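Visitor: I am sharing start-v4.pdb, which consists of PDB, C-alpha atoms and all ligand atoms:
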ATOM      1  CA  MET A   1     -16.626 -18.351 -23.312  1.00  0.00           C
ATOM      2  CA  GLU A   2     -15.165 -21.668 -22.176  1.00  0.00           C
ATOM      3  CA  ASN A   3     -15.265 -24.633 -24.523  1.00  0.00           C
ATOM      4  CA  ARG A   4     -15.786 -28.101 -23.128  1.00  0.00           C
ATOM      5  CA  VAL A   5     -15.040 -31.314 -24.974  1.00  0.00           C
ATOM      6  CA  ALA A   6     -16.830 -34.592 -24.353  1.00  0.00           C
ATOM      7  CA  THR A   7     -16.898 -38.078 -25.816  1.00  0.00           C
ATOM      8  CA  ILE A   8     -20.159 -39.901 -26.334  1.00  0.00           C
ATOM      9  CA  PHE A   9     -18.912 -43.245 -27.625  1.00  0.00           C
ATOM     10  CA  GLU A  10     -20.291 -45.075 -24.602  1.00  0.00           C
ATOM     11  CA  LEU A  11     -23.641 -43.293 -24.631  1.00  0.00           C
ATOM     12  CA  ASN A  12     -23.930 -44.018 -28.316  1.00  0.00           C
ATOM     13  CA  GLN A  13     -23.320 -47.712 -27.646  1.00  0.00           C
ATOM     14  CA  VAL A  14     -25.994 -47.799 -24.978  1.00  0.00           C
ATOM     15  CA  PHE A  15     -28.719 -46.020 -26.946  1.00  0.00           C
ATOM     16  CA  ASN A  16     -27.656 -46.830 -30.510  1.00  0.00           C
ATOM     17  CA  ASN A  17     -29.843 -43.932 -31.657  1.00  0.00           C
ATOM     18  CA  PRO A  18     -28.591 -40.348 -32.171  1.00  0.00           C
ATOM     19  CA  GLY A  19     -31.918 -38.820 -31.141  1.00  0.00           C
ATOM     20  CA  LEU A  20     -31.893 -40.619 -27.801  1.00  0.00           C
ATOM     21  CA  VAL A  21     -28.250 -39.682 -27.187  1.00  0.00           C
ATOM     22  CA  LEU A  22     -29.052 -36.001 -27.754  1.00  0.00           C
ATOM     23  CA  ASP A  23     -32.013 -36.282 -25.386  1.00  0.00           C
ATOM     24  CA  ALA A  24     -29.775 -37.905 -22.762  1.00  0.00           C
ATOM     25  CA  LEU A  25     -27.151 -35.156 -23.186  1.00  0.00           C
ATOM     26  CA  GLY A  26     -29.735 -32.478 -22.428  1.00  0.00           C
ATOM     27  CA  VAL A  27     -31.011 -31.213 -25.778  1.00  0.00           C
ATOM     28  CA  VAL A  28     -34.605 -30.329 -24.946  1.00  0.00           C
ATOM     29  CA  GLU A  29     -35.755 -28.382 -28.002  1.00  0.00           C
ATOM     30  CA  ASP A  30     -35.085 -28.129 -31.738  1.00  0.00           C
ATOM     31  CA  THR A  31     -34.489 -24.367 -31.831  1.00  0.00           C
ATOM     32  CA  VAL A  32     -31.153 -23.491 -33.471  1.00  0.00           C
ATOM     33  CA  PHE A  33     -29.053 -20.706 -31.946  1.00  0.00           C
ATOM     34  CA  ARG A  34     -26.582 -19.309 -34.490  1.00  0.00           C
ATOM     35  CA  ASN A  35     -25.413 -16.944 -31.767  1.00  0.00           C
ATOM     36  CA  CYS A  36     -25.239 -17.544 -28.060  1.00  0.00           C
ATOM     37  CA  PRO A  37     -28.740 -17.380 -26.512  1.00  0.00           C
ATOM     38  CA  LYS A  38     -29.375 -14.345 -24.292  1.00  0.00           C
ATOM     39  CA  GLU A  39     -30.657 -16.616 -21.585  1.00  0.00           C
ATOM     40  CA  CYS A  40     -31.279 -20.314 -21.079  1.00  0.00           C
ATOM     41  CA  THR A  41     -34.739 -21.258 -22.335  1.00  0.00           C
ATOM     42  CA  HIS A  42     -35.016 -23.678 -19.431  1.00  0.00           C
ATOM     43  CA  CYS A  43     -33.751 -21.785 -16.358  1.00  0.00           C
ATOM     44  CA  GLU A  44     -33.080 -18.226 -17.631  1.00  0.00           C
ATOM     45  CA  CYS A  45     -29.413 -18.326 -16.603  1.00  0.00           C
ATOM     46  CA  LYS A  46     -27.281 -16.035 -18.774  1.00  0.00           C
ATOM     47  CA  LYS A  47     -23.969 -17.926 -18.648  1.00  0.00           C
ATOM     48  CA  PHE A  48     -22.978 -20.504 -21.242  1.00  0.00           C
ATOM     49  CA  GLU A  49     -20.090 -22.691 -22.307  1.00  0.00           C
ATOM     50  CA  THR A  50     -19.750 -24.291 -25.707  1.00  0.00           C
ATOM     51  CA  LEU A  51     -19.627 -28.063 -25.973  1.00  0.00           C
ATOM     52  CA  GLU A  52     -17.764 -30.073 -28.574  1.00  0.00           C
ATOM     53  CA  LEU A  53     -18.229 -33.810 -29.104  1.00  0.00           C
ATOM     54  CA  VAL A  54     -15.120 -35.737 -30.107  1.00  0.00           C
ATOM     55  CA  GLY A  55     -15.465 -37.507 -33.431  1.00  0.00           C
ATOM     56  CA  LEU A  56     -18.611 -35.710 -34.548  1.00  0.00           C
ATOM     57  CA  SER A  57     -17.231 -32.309 -35.442  1.00  0.00           C
ATOM     58  CA  ASN A  58     -14.148 -30.212 -34.715  1.00  0.00           C
ATOM     59  CA  LYS A  59     -16.396 -27.280 -33.900  1.00  0.00           C
ATOM     60  CA  PRO A  60     -18.587 -26.869 -30.815  1.00  0.00           C
ATOM     61  CA  LEU A  61     -22.100 -28.135 -31.506  1.00  0.00           C
ATOM     62  CA  PHE A  62     -23.952 -26.691 -28.529  1.00  0.00           C
ATOM     63  CA  TYR A  63     -24.247 -23.812 -26.104  1.00  0.00           C
ATOM     64  CA  GLU A  64     -24.432 -25.405 -22.684  1.00  0.00           C
ATOM     65  CA  CYS A  65     -26.130 -23.583 -19.814  1.00  0.00           C
ATOM     66  CA  VAL A  66     -23.693 -23.579 -16.872  1.00  0.00           C
ATOM     67  CA  ALA A  67     -26.545 -23.631 -14.357  1.00  0.00           C
ATOM     68  CA  CYS A  68     -28.791 -26.461 -15.537  1.00  0.00           C
ATOM     69  CA  GLY A  69     -26.763 -28.157 -18.280  1.00  0.00           C
ATOM     70  CA  THR A  70     -29.420 -27.738 -20.937  1.00  0.00           C
ATOM     71  CA  LEU A  71     -27.853 -27.884 -24.408  1.00  0.00           C
ATOM     72  CA  HIS A  72     -28.893 -25.352 -27.050  1.00  0.00           C
ATOM     73  CA  LEU A  73     -28.232 -26.436 -30.625  1.00  0.00           C
ATOM     74  CA  LYS A  74     -25.857 -24.389 -32.791  1.00  0.00           C
ATOM     75  CA  TYR A  75     -26.843 -26.479 -35.844  1.00  0.00           C
ATOM     76  CA  ARG A  76     -29.990 -28.214 -37.000  1.00  0.00           C
ATOM     77  CA  ARG A  77     -30.736 -31.279 -34.932  1.00  0.00           C
ATOM     78  CA  GLY A  78     -31.041 -33.412 -38.091  1.00  0.00           C
ATOM     79  CA  TRP A  79     -27.556 -32.391 -39.202  1.00  0.00           C
ATOM     80  CA  VAL A  80     -26.051 -33.144 -35.797  1.00  0.00           C
ATOM     81  CA  GLU A  81     -27.742 -36.547 -35.761  1.00  0.00           C
ATOM     82  CA  LYS A  82     -26.301 -37.308 -39.200  1.00  0.00           C
ATOM     83  CA  GLN A  83     -22.758 -36.766 -37.874  1.00  0.00           C
ATOM     84  CA  PHE A  84     -23.267 -39.780 -35.619  1.00  0.00           C
ATOM     85  CA  THR A  85     -22.626 -42.120 -38.558  1.00  0.00           C
ATOM     86  CA  LYS A  86     -18.941 -41.097 -38.229  1.00  0.00           C
ATOM     87  CA  ILE A  87     -18.610 -42.718 -34.814  1.00  0.00           C
ATOM     88  CA  LYS A  88     -20.617 -45.863 -35.467  1.00  0.00           C
ATOM     89  CA  GLY A  89     -18.762 -48.761 -33.865  1.00  0.00           C
ATOM     90  CA  LEU A  90     -16.318 -46.534 -31.966  1.00  0.00           C
ATOM     91  CA  TRP A  91     -16.028 -46.833 -28.227  1.00  0.00           C
ATOM     92  CA  THR A  92     -13.495 -46.209 -25.526  1.00  0.00           C
ATOM     93  CA  ASN A  93     -12.655 -47.746 -22.200  1.00  0.00           C
ATOM     94  CA  PRO A  94     -10.925 -45.456 -19.664  1.00  0.00           C
ATOM     95  CA  ASN A  95      -9.054 -48.510 -18.294  1.00  0.00           C
ATOM     96  CA  ASP A  96      -7.224 -48.714 -21.610  1.00  0.00           C
ATOM     97  CA  TRP A  97      -5.911 -45.162 -21.490  1.00  0.00           C
ATOM     98  CA  GLU A  98      -2.190 -45.075 -21.003  1.00  0.00           C
ATOM     99  CA  GLU A  99      -0.610 -42.937 -18.295  1.00  0.00           C
ATOM    100  CA  PRO A 100       2.556 -41.147 -19.443  1.00  0.00           C
ATOM    101  CA  ASN A 101       5.634 -42.570 -17.723  1.00  0.00           C
ATOM    102  CA  GLU A 102       8.113 -40.381 -15.812  1.00  0.00           C
ATOM    103  CA  ASP A 103      10.437 -39.985 -18.806  1.00  0.00           C
ATOM    104  CA  SER A 104       7.808 -38.548 -21.098  1.00  0.00           C
ATOM    105  CA  LEU A 105       6.921 -35.889 -18.528  1.00  0.00           C
ATOM    106  CA  LEU A 106      10.393 -34.339 -18.788  1.00  0.00           C
ATOM    107  CA  ASN A 107      11.242 -32.163 -21.761  1.00  0.00           C
TER     108      ASN A 107
HETATM  109 ZN    ZN B 201     -30.291 -23.355 -17.811  1.00  0.00          ZN
END
Show the structure stored in the file as structure tokens.
Ligand SMILES: [Zn+2]

Guide:
Amino acid sequence: MENRVATIFELNQVFNNPGLVLDALGVVEDTVFRNCPKECTHCECKKFETLELVGLSNKPLFYECVACGTLHLKYRRGWVEKQFTKIKGLWTNPNDWEEPNEDSLLN
């Protein structure tokens, strides 16, 4: 299973509320899936990727349906929401990201 990594600093700034950020990301129910769901509860697709959110946890937090993008919680929603206190005040601007120069591409 593929693992995807995403940042939510910007979303978190916009909503300033973990519950609303999870809604916006595509968490539609509170059911916790310790193991990968057999099929998506939204569209019945059987393929998933895991999704990790930078800064919240170094483990994937969701099973993401590859067809419709619905996120299925691997942990209790309340616990995931609590992790948001770690990224309070953090944000990122892609324009600030540095491109490696030619020299650092050679080894
Ligand atoms: Zn789906």

Visitor: Any chance you could resolve the PyMOL selection byres (((chain A and resi 21) around 12) and not hetatm) against this file and give the residues as a ChimeraX atom specification?

Guide: /A:7-20,22-28,53,77,80-81,84

Visitor: Residue by residue, what does the PyMOL selection byres (((not hetatm)) within 7 of (chain B and resi 201)) grab here? Present the result as a PyMOL selection string.

Guide: chain A and resi 40-45+65-70

Visitor: If you count all atoms listed in the file, which residues fall within 8 Å of Phe48 (chain A), apart from same-chain ones fewer than 6 positions away, as a CSV table (one decimal) with C-alpha atoms, in the frame of the given file?

Guide:
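Printed below is selection.csv as written:
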chain,number,residue,atom,x,y,z
A,1,MET,CA,-16.6,-18.4,-23.3
A,2,GLU,CA,-15.2,-21.7,-22.2
A,36,CYS,CA,-25.2,-17.5,-28.1
A,63,TYR,CA,-24.2,-23.8,-26.1
A,64,GLU,CA,-24.4,-25.4,-22.7
A,65,CYS,CA,-26.1,-23.6,-19.8
A,66,VAL,CA,-23.7,-23.6,-16.9

Visitor: Closest to Lys59 (chain A) among A:Lys86, A:Lys38, A:Asn95, A:Asn3, using only C-alpha atoms?

Guide: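 Selected residue with least distance to Lys59 (chain A): A:Asn3.
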
Visitor: May I have the residues within 9 Å of Glu29 (chain A) as a list of chain:residue names, using all atoms listed in the file and disregarding those fewer than 3 positions away in the same chain?

Guide: A:Val32, A:Leu71, A:His72, A:Leu73
